[in-house]
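Q: Here it is, the structure, as structure tokens.
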Amino acid sequence: MGKRRYRYAPSPTGVLHVGNARTAIYNWLLARHYESTLILRIEDTDKERSTPESEKAILQDLKWLGLDWDEGPDKGGDCGPYRQSERGHLYEEYQHILLQKKRAYYCFCTPEELKQQREELLSQSLMPQYTGRCLKYSESQVKIFLNQNKPYVVRYHVLPGDPVIVHDQVRGDVKFERETIGDFVIAKSDGGATYQFACVVDDALMKVTHVVRGDDHLSNTPKQLLIFEDLGFKPPVYAHLPMVLGIDRKKLSKRHGAVSVGEYKEKGYLPHAFLNFLVLLGWSSETEDELLEKERLIKEFTEKRLSRSPSIFETGKLDWMNGQYIRKLSLEEFYQSELSFIEKEYDLKRMDIKWLKQVLAVLQTAVVKLPDICKELEIFFEDRFHLSPEVKKEFQNEDFKKVLIGLKEFLEKSETSDFEVIKKSVSEQTGAKGKNLFMPLRLAITGQKHGPELSLVVPLLGYKNLKKRIEHTMKELGL
RNA sequence: GUCCCCAUCGUCUAGGCUGGUCUAGGACACCAGGUUUUCAUCCUGGUAACAGGGGUUCAAAUCCCCUUGGGGACGCCA
């Protein structure tokens, strides 16, 4: 058995969507698991909608996820070019073979005629496939039309015969009667190949052995199988993945919220957390473990445990997963991941990096999504220190006031930011303890009811800031 | 409409191929309790599902059929 060749073939007509990203991830995982080749092919046969920007963006998103490939437009390889727009001559070549073998024919029907035929069939409760109307033209008649420059497309002609069986790694054998297939277009009126045709020629010429793609292609597969056969190529092994749907069980779209990889990057999810989450949408580990590092995924991922039913893209678990991965990060990794998000709201240049890292260490368990850090960071910056009316109200409590005054007096005579010392002294002086001691201290020092342990926060604030904050608090309370 | 696919807790899923060990397991979310000065983290516990009907069988979540529901395809989109 030779080396397998997998491929991921995106259309550069927009951003990378989560469903497509999952397909890419599965192909990548399979290729790496079987120590095989992964080809990246750009399917830009739709000249209207394909753009170089979109291709670039998709490649970027794939890389962000941590994927790589062995052959592709940016990598080269023996089976290039890897953009369908650059392979027109190949499609033409094979189109001629089909035409010559009479397995394809010219169709001169106009879009209006096609539409009419379609409606007619539909009204008769039939599958609206092409009627084969242009099959009736003799060779000489076709020549006349061609000489007249009559617009045409080339259609593949499906002959009657045995049912076409798709041997699918996730579905099993799926049978399609030939009558239900209908003659489909392989060359558009501008001469360009359609997806159906380009896909077959490329998969054959690129020696692809395994095609893993969305379920929406399952009913297209018999068509492709027919072409493979007529062209004398051996078809690849197929695996059709169930769709990823929105919460309403409809096709995932923008109205479901964020559905592109880029959006999740911006929201502050770790690439591997997002990848891990996506992998579990349609696949499970034999161990039922869910937090799986890259190495384990590659080791355990096979087509055998792919699920057959569609899954709903619901990101609740993603948040939990992201938090888990954030907590696993080393301090340095956490710092690096957070940098770009902190930068958006704070002036990094004026910060001591060593101090910032210490602060981050204290906050690591409080972050679910990377940008959460900005809010958490607030208690460490003077310009963000303020007392909300709610906090002020807390100080109507006389015991709280007493602690505040005790703290102020202590700081005036002792220059320390050791929380243990502060706590002990204030407690002794005021007699407060437990919640009645900690809460007023927390409120006076951070201005917040909640936050990390004071014993960690206070030293990071330092004596000067501490004193400033107490004075600020006293002033705001009019004491 | 026709063809094809799918159907286990709210969500992701295990189990189904090779019926009994499934009074259906795990995870997220949710609820309760514990830890913590508070919040977060962490720990413990709980609520919650085999779409419906028929069959096969001593026995069905597991096999078969039907119904229902959902999705996809039927494009000079991919």
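So you can find residues: chains in the structure tokens are A, B, ... in the order shown, residues in each start at 1, and ligands are numbered from 1 in order.
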Please check the contacts: residues of chain B at most 10 Å away from chain A, using only C-alpha atoms (C1' of nucleotides), listed as number ranges by chain.
A: B: 1-7, 11-14, 26-29, 36-41, 70-78
Q: Residues of the last selection are to be written out with C-alpha atoms (C1' of nucleotides), as a tab-separated table (two decimals), in the first residue's frame.
A:
```tsv
chain	number	residue	atom	x	y	z
B	1	G	C1'	-41.60	17.61	-5.50
B	2	U	C1'	-37.69	13.63	-6.42
B	3	C	C1'	-33.16	11.36	-4.79
B	4	C	C1'	-29.66	10.77	-0.77
B	5	C	C1'	-28.23	11.19	4.37
B	6	C	C1'	-29.29	11.58	9.63
B	7	A	C1'	-32.10	10.80	14.52
B	11	U	C1'	-25.30	21.08	23.63
B	12	C	C1'	-20.84	17.77	22.27
B	13	U	C1'	-20.97	12.65	22.65
B	14	A	C1'	-20.01	6.90	24.53
B	26	G	C1'	-18.71	10.93	30.20
B	27	A	C1'	-18.05	16.28	29.17
B	28	C	C1'	-20.07	21.44	28.85
B	29	A	C1'	-23.99	24.28	30.74
B	36	U	C1'	-11.44	30.31	49.58
B	37	U	C1'	-11.66	36.94	53.42
B	38	U	C1'	-14.44	37.72	48.26
B	39	C	C1'	-14.42	36.41	43.05
B	40	A	C1'	-12.09	32.94	39.94
B	41	U	C1'	-9.85	28.16	40.19
B	70	G	C1'	-34.17	17.59	10.40
B	71	G	C1'	-30.38	18.20	6.76
B	72	G	C1'	-28.21	17.90	1.86
B	73	A	C1'	-28.47	17.43	-3.48
B	74	C	C1'	-31.21	18.31	-7.88
B	75	G	C1'	-26.83	25.52	-10.29
B	76	C	C1'	-22.92	27.83	-16.32
B	77	C	C1'	-21.87	27.87	-6.68
B	78	A	C1'	-18.43	25.06	-4.62
```
Q: Considering only strand (DSSP E) as DSSP defines it on the backbone, what residues of range 23-156 of chain A qualify? List them as an MDAnalysis selection string.
A: chainID A and resid 37:40 104:107 153:156
Q: Please identify which residues in range 36-223 of chain A DSSP calls alpha helix (DSSP H) from the backbone, and express them as a ChimeraX atom specification.
A: /A:52-64,88-100,111-123,139-147,195-205,221-223
Q: Please save C-alpha atoms of the selected residues as a PDB file, in the first residue's frame.
A:
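So the final result, stored in again.pdb, reads:
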```
ATOM      1  CA  PRO A  52      -6.651  36.596  -4.002  1.00  0.00           C
ATOM      2  CA  GLU A  53      -7.353  38.407  -0.711  1.00  0.00           C
ATOM      3  CA  SER A  54      -9.702  35.694   0.345  1.00  0.00           C
ATOM      4  CA  GLU A  55      -7.170  33.012  -0.549  1.00  0.00           C
ATOM      5  CA  LYS A  56      -4.595  34.787   1.543  1.00  0.00           C
ATOM      6  CA  ALA A  57      -6.965  35.136   4.467  1.00  0.00           C
ATOM      7  CA  ILE A  58      -7.896  31.465   4.371  1.00  0.00           C
ATOM      8  CA  LEU A  59      -4.262  30.391   4.361  1.00  0.00           C
ATOM      9  CA  GLN A  60      -3.630  32.693   7.273  1.00  0.00           C
ATOM     10  CA  ASP A  61      -6.490  31.239   9.285  1.00  0.00           C
ATOM     11  CA  LEU A  62      -5.335  27.701   8.559  1.00  0.00           C
ATOM     12  CA  LYS A  63      -1.880  28.579   9.782  1.00  0.00           C
ATOM     13  CA  TRP A  64      -3.291  30.240  12.867  1.00  0.00           C
ATOM     14  CA  GLY A  88      -7.509  25.406 -17.486  1.00  0.00           C
ATOM     15  CA  HIS A  89      -5.463  23.642 -20.163  1.00  0.00           C
ATOM     16  CA  LEU A  90      -5.735  20.368 -18.285  1.00  0.00           C
ATOM     17  CA  TYR A  91      -9.495  20.603 -17.961  1.00  0.00           C
ATOM     18  CA  GLU A  92      -9.778  21.372 -21.670  1.00  0.00           C
ATOM     19  CA  GLU A  93      -7.687  18.385 -22.546  1.00  0.00           C
ATOM     20  CA  TYR A  94      -9.892  15.989 -20.616  1.00  0.00           C
ATOM     21  CA  GLN A  95     -13.043  17.701 -21.732  1.00  0.00           C
ATOM     22  CA  HIS A  96     -12.049  16.914 -25.316  1.00  0.00           C
ATOM     23  CA  ILE A  97     -11.524  13.289 -24.485  1.00  0.00           C
ATOM     24  CA  LEU A  98     -15.032  13.095 -23.096  1.00  0.00           C
ATOM     25  CA  LEU A  99     -16.450  14.916 -26.096  1.00  0.00           C
ATOM     26  CA  GLN A 100     -14.660  12.573 -28.468  1.00  0.00           C
ATOM     27  CA  PRO A 111     -30.872  29.961 -19.041  1.00  0.00           C
ATOM     28  CA  GLU A 112     -34.510  30.854 -19.672  1.00  0.00           C
ATOM     29  CA  GLU A 113     -35.158  27.565 -21.424  1.00  0.00           C
ATOM     30  CA  LEU A 114     -33.461  25.707 -18.626  1.00  0.00           C
ATOM     31  CA  LYS A 115     -35.575  27.451 -16.068  1.00  0.00           C
ATOM     32  CA  GLN A 116     -38.715  26.572 -17.941  1.00  0.00           C
ATOM     33  CA  GLN A 117     -37.745  22.913 -18.249  1.00  0.00           C
ATOM     34  CA  ARG A 118     -37.024  22.851 -14.586  1.00  0.00           C
ATOM     35  CA  GLU A 119     -40.368  24.245 -13.560  1.00  0.00           C
ATOM     36  CA  GLU A 120     -42.157  21.856 -15.828  1.00  0.00           C
ATOM     37  CA  LEU A 121     -40.475  18.855 -14.256  1.00  0.00           C
ATOM     38  CA  LEU A 122     -41.110  20.155 -10.797  1.00  0.00           C
ATOM     39  CA  SER A 123     -44.788  20.538 -11.550  1.00  0.00           C
ATOM     40  CA  GLU A 139     -22.974  16.506 -35.482  1.00  0.00           C
ATOM     41  CA  SER A 140     -23.443  18.765 -38.481  1.00  0.00           C
ATOM     42  CA  GLN A 141     -26.116  20.758 -36.674  1.00  0.00           C
ATOM     43  CA  VAL A 142     -23.765  21.215 -33.725  1.00  0.00           C
ATOM     44  CA  LYS A 143     -21.070  22.439 -36.093  1.00  0.00           C
ATOM     45  CA  ILE A 144     -23.417  25.001 -37.559  1.00  0.00           C
ATOM     46  CA  PHE A 145     -24.322  26.290 -34.095  1.00  0.00           C
ATOM     47  CA  LEU A 146     -20.665  26.473 -33.167  1.00  0.00           C
ATOM     48  CA  ASN A 147     -19.836  28.378 -36.327  1.00  0.00           C
ATOM     49  CA  TYR A 195     -16.298  22.397  -9.941  1.00  0.00           C
ATOM     50  CA  GLN A 196     -17.561  18.890 -10.649  1.00  0.00           C
ATOM     51  CA  PHE A 197     -15.164  18.438 -13.501  1.00  0.00           C
ATOM     52  CA  ALA A 198     -12.136  20.318 -12.249  1.00  0.00           C
ATOM     53  CA  CYS A 199     -12.374  18.428  -9.001  1.00  0.00           C
ATOM     54  CA  VAL A 200     -12.164  15.042 -10.728  1.00  0.00           C
ATOM     55  CA  VAL A 201      -9.346  15.999 -13.062  1.00  0.00           C
ATOM     56  CA  ASP A 202      -7.375  17.451 -10.164  1.00  0.00           C
ATOM     57  CA  ASP A 203      -7.972  14.636  -7.734  1.00  0.00           C
ATOM     58  CA  ALA A 204      -6.876  12.212 -10.450  1.00  0.00           C
ATOM     59  CA  LEU A 205      -3.840  14.156 -11.620  1.00  0.00           C
ATOM     60  CA  THR A 221     -19.987  11.991  -5.776  1.00  0.00           C
ATOM     61  CA  PRO A 222     -21.693   9.583  -8.192  1.00  0.00           C
ATOM     62  CA  LYS A 223     -21.223  12.188 -10.919  1.00  0.00           C
TER      63      LYS A 223
END
```
Q: Tell me, in Å to one decimal, how far CA of Phe108 in chain A is from CA of Ser138 in chain A.
A: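 If I compute the distance from CA of Phe108 in chain A to CA of Ser138 in chain A, I get 12.8 Å.
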Q: Give me, as number ranges by chain, all polymer residues having an atom no more than 10 Å from G15 in chain B, counting only C-alpha atoms (C1' of nucleotides) and skipping those fewer than 5 positions away in the same chain.
A: B: 8, 22, 24-25, 61-62
Q: Write out the residues from the selection above, keeping N, CA, C and O atoms (P, O5', C5', C4', C3', O3' and C1' of nucleotides), as a PDB file, in the first residue's frame.
A:
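Once everything was written out, this is again05.pdb:
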```
ATOM      1  P     U B   8     -29.850  11.775  18.181  1.00  0.00           P
ATOM      2  O5'   U B   8     -29.997  11.265  19.681  1.00  0.00           O
ATOM      3  C5'   U B   8     -31.173  10.543  20.033  1.00  0.00           C
ATOM      4  C4'   U B   8     -30.972  10.013  21.418  1.00  0.00           C
ATOM      5  C3'   U B   8     -30.401  11.026  22.401  1.00  0.00           C
ATOM      6  O3'   U B   8     -31.437  11.828  22.923  1.00  0.00           O
ATOM      7  C1'   U B   8     -29.198   9.005  22.592  1.00  0.00           C
ATOM      8  P     C B  22     -24.150  -2.172  32.530  1.00  0.00           P
ATOM      9  O5'   C B  22     -25.536  -1.579  32.044  1.00  0.00           O
ATOM     10  C5'   C B  22     -26.654  -1.292  32.860  1.00  0.00           C
ATOM     11  C4'   C B  22     -27.647  -0.633  31.935  1.00  0.00           C
ATOM     12  C3'   C B  22     -28.412  -1.612  31.057  1.00  0.00           C
ATOM     13  O3'   C B  22     -29.815  -1.456  31.268  1.00  0.00           O
ATOM     14  C1'   C B  22     -27.431   0.134  29.771  1.00  0.00           C
ATOM     15  P     A B  24     -30.536   4.296  33.447  1.00  0.00           P
ATOM     16  O5'   A B  24     -29.654   3.660  32.291  1.00  0.00           O
ATOM     17  C5'   A B  24     -28.310   3.223  32.543  1.00  0.00           C
ATOM     18  C4'   A B  24     -27.453   3.584  31.355  1.00  0.00           C
ATOM     19  C3'   A B  24     -27.159   5.076  31.236  1.00  0.00           C
ATOM     20  O3'   A B  24     -26.011   5.410  31.961  1.00  0.00           O
ATOM     21  C1'   A B  24     -27.982   4.277  29.185  1.00  0.00           C
ATOM     22  P     G B  25     -26.071   6.354  33.211  1.00  0.00           P
ATOM     23  O5'   G B  25     -24.551   6.681  33.380  1.00  0.00           O
ATOM     24  C5'   G B  25     -23.629   5.647  33.700  1.00  0.00           C
ATOM     25  C4'   G B  25     -22.340   5.864  32.957  1.00  0.00           C
ATOM     26  C3'   G B  25     -21.917   7.328  32.835  1.00  0.00           C
ATOM     27  O3'   G B  25     -21.298   7.806  34.016  1.00  0.00           O
ATOM     28  C1'   G B  25     -21.767   6.331  30.726  1.00  0.00           C
ATOM     29  P     A B  61     -34.252  -1.187  24.690  1.00  0.00           P
ATOM     30  O5'   A B  61     -33.529  -0.148  23.712  1.00  0.00           O
ATOM     31  C5'   A B  61     -34.075   1.116  23.414  1.00  0.00           C
ATOM     32  C4'   A B  61     -33.135   1.870  22.511  1.00  0.00           C
ATOM     33  C3'   A B  61     -32.488   1.024  21.430  1.00  0.00           C
ATOM     34  O3'   A B  61     -33.280   1.045  20.270  1.00  0.00           O
ATOM     35  C1'   A B  61     -30.814   2.189  22.619  1.00  0.00           C
ATOM     36  P     U B  62     -33.027   0.013  19.064  1.00  0.00           P
ATOM     37  O5'   U B  62     -31.571   0.474  18.662  1.00  0.00           O
ATOM     38  C5'   U B  62     -30.893  -0.068  17.556  1.00  0.00           C
ATOM     39  C4'   U B  62     -29.517  -0.530  17.983  1.00  0.00           C
ATOM     40  C3'   U B  62     -29.154  -1.878  17.371  1.00  0.00           C
ATOM     41  O3'   U B  62     -28.080  -1.685  16.469  1.00  0.00           O
ATOM     42  C1'   U B  62     -28.590  -1.749  19.696  1.00  0.00           C
TER      43        U B  62
END
```
Q: Could you tell me how far CA of Lys207 in chain A sits from CA of Leu275 in chain A, in Å to one decimal place?
A: 27.8 Å
Q: Hey, which of A:Arg469, A:His272, A:His256, A:Lys328 ends up closest to Gly66 in chain A? Count only C-alpha atoms.
A: A:His272
Q: Find the residues around Ala21 in chain A up to 9 Å (only C-alpha atoms (C1' of nucleotides) counted), leave out those fewer than 2 positions away in its own chain, and share them as a PyMOL selection string.
A: chain A and resi 16-19+23-26+61-62+65+260-261+275+278
Q: So which residues touch range 471-474 of chain A within 10 Å, counting only C-alpha atoms (C1' of nucleotides), skipping near sequence neighbours fewer than 6 positions away, as a ChimeraX atom specification?
A: /A:385-387,392,401,404-405,408,443-447,465
Q: Next, the residues of the selection above should be written as a PDB file, in the first residue's frame with C-alpha atoms.
A:
```pdb
ATOM      1  CA  PHE A 385      -9.127  53.190  40.527  1.00  0.00           C
ATOM      2  CA  HIS A 386     -12.468  54.551  41.624  1.00  0.00           C
ATOM      3  CA  LEU A 387     -15.185  53.819  44.105  1.00  0.00           C
ATOM      4  CA  LYS A 392     -19.207  53.638  49.025  1.00  0.00           C
ATOM      5  CA  LYS A 401     -14.920  52.588  58.581  1.00  0.00           C
ATOM      6  CA  LEU A 404     -10.216  51.831  56.955  1.00  0.00           C
ATOM      7  CA  ILE A 405      -9.028  54.344  59.524  1.00  0.00           C
ATOM      8  CA  LYS A 408      -4.599  54.532  57.155  1.00  0.00           C
ATOM      9  CA  LEU A 443     -12.739  47.662  49.127  1.00  0.00           C
ATOM     10  CA  ALA A 444     -10.353  50.356  50.264  1.00  0.00           C
ATOM     11  CA  ILE A 445      -7.408  48.929  48.385  1.00  0.00           C
ATOM     12  CA  THR A 446      -8.918  47.704  45.121  1.00  0.00           C
ATOM     13  CA  GLY A 447     -12.235  49.519  44.985  1.00  0.00           C
ATOM     14  CA  ASN A 465       0.222  53.081  45.563  1.00  0.00           C
TER      15      ASN A 465
END
```
Q: Please, what distance in Å, to one decimal, runs between CA of Tyr463 in chain A and CA of Leu411 in chain A?
A: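 We find that CA of Tyr463 in chain A and CA of Leu411 in chain A lie 8.2 Å from each other.
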Q: Fewer than 4 positions away in the same chain doesn't count, so skip those; otherwise give me all residues within 12 Å of range 17-21 of chain B, counting only C-alpha atoms (C1' of nucleotides), as a PDB file with C-alpha atoms (C1' of nucleotides), in the first residue's frame.
A:
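Resulting contents of around-v3.pdb:
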```pdb
ATOM      1  CA  GLY A 172     -20.908   2.796   4.076  1.00  0.00           C
ATOM      2  CA  LYS A 304     -13.127   4.976  12.216  1.00  0.00           C
TER       3      LYS A 304
ATOM      4  C1'   U B  56     -37.797 -10.084  14.788  1.00  0.00           C
ATOM      5  C1'   U B  57     -36.208 -12.314  19.554  1.00  0.00           C
ATOM      6  C1'   C B  58     -36.407 -15.568  25.720  1.00  0.00           C
ATOM      7  C1'   A B  59     -34.212 -10.467  25.488  1.00  0.00           C
ATOM      8  C1'   A B  60     -33.640  -4.175  21.470  1.00  0.00           C
ATOM      9  C1'   A B  61     -30.814   2.189  22.619  1.00  0.00           C
ATOM     10  C1'   U B  62     -28.590  -1.749  19.696  1.00  0.00           C
ATOM     11  C1'   C B  63     -31.362  -5.663  13.990  1.00  0.00           C
TER      12        C B  63
END
```
Q: My list of candidates is A:His157, A:Arg133, A:Lys475, A:Lys265. Which is closest to Leu370 in chain A when distances are computed with only C-alpha atoms?
A: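 Going through A:His157, A:Arg133, A:Lys475, A:Lys265 one by one, the smallest distance to Leu370 in chain A is for A:Lys265.
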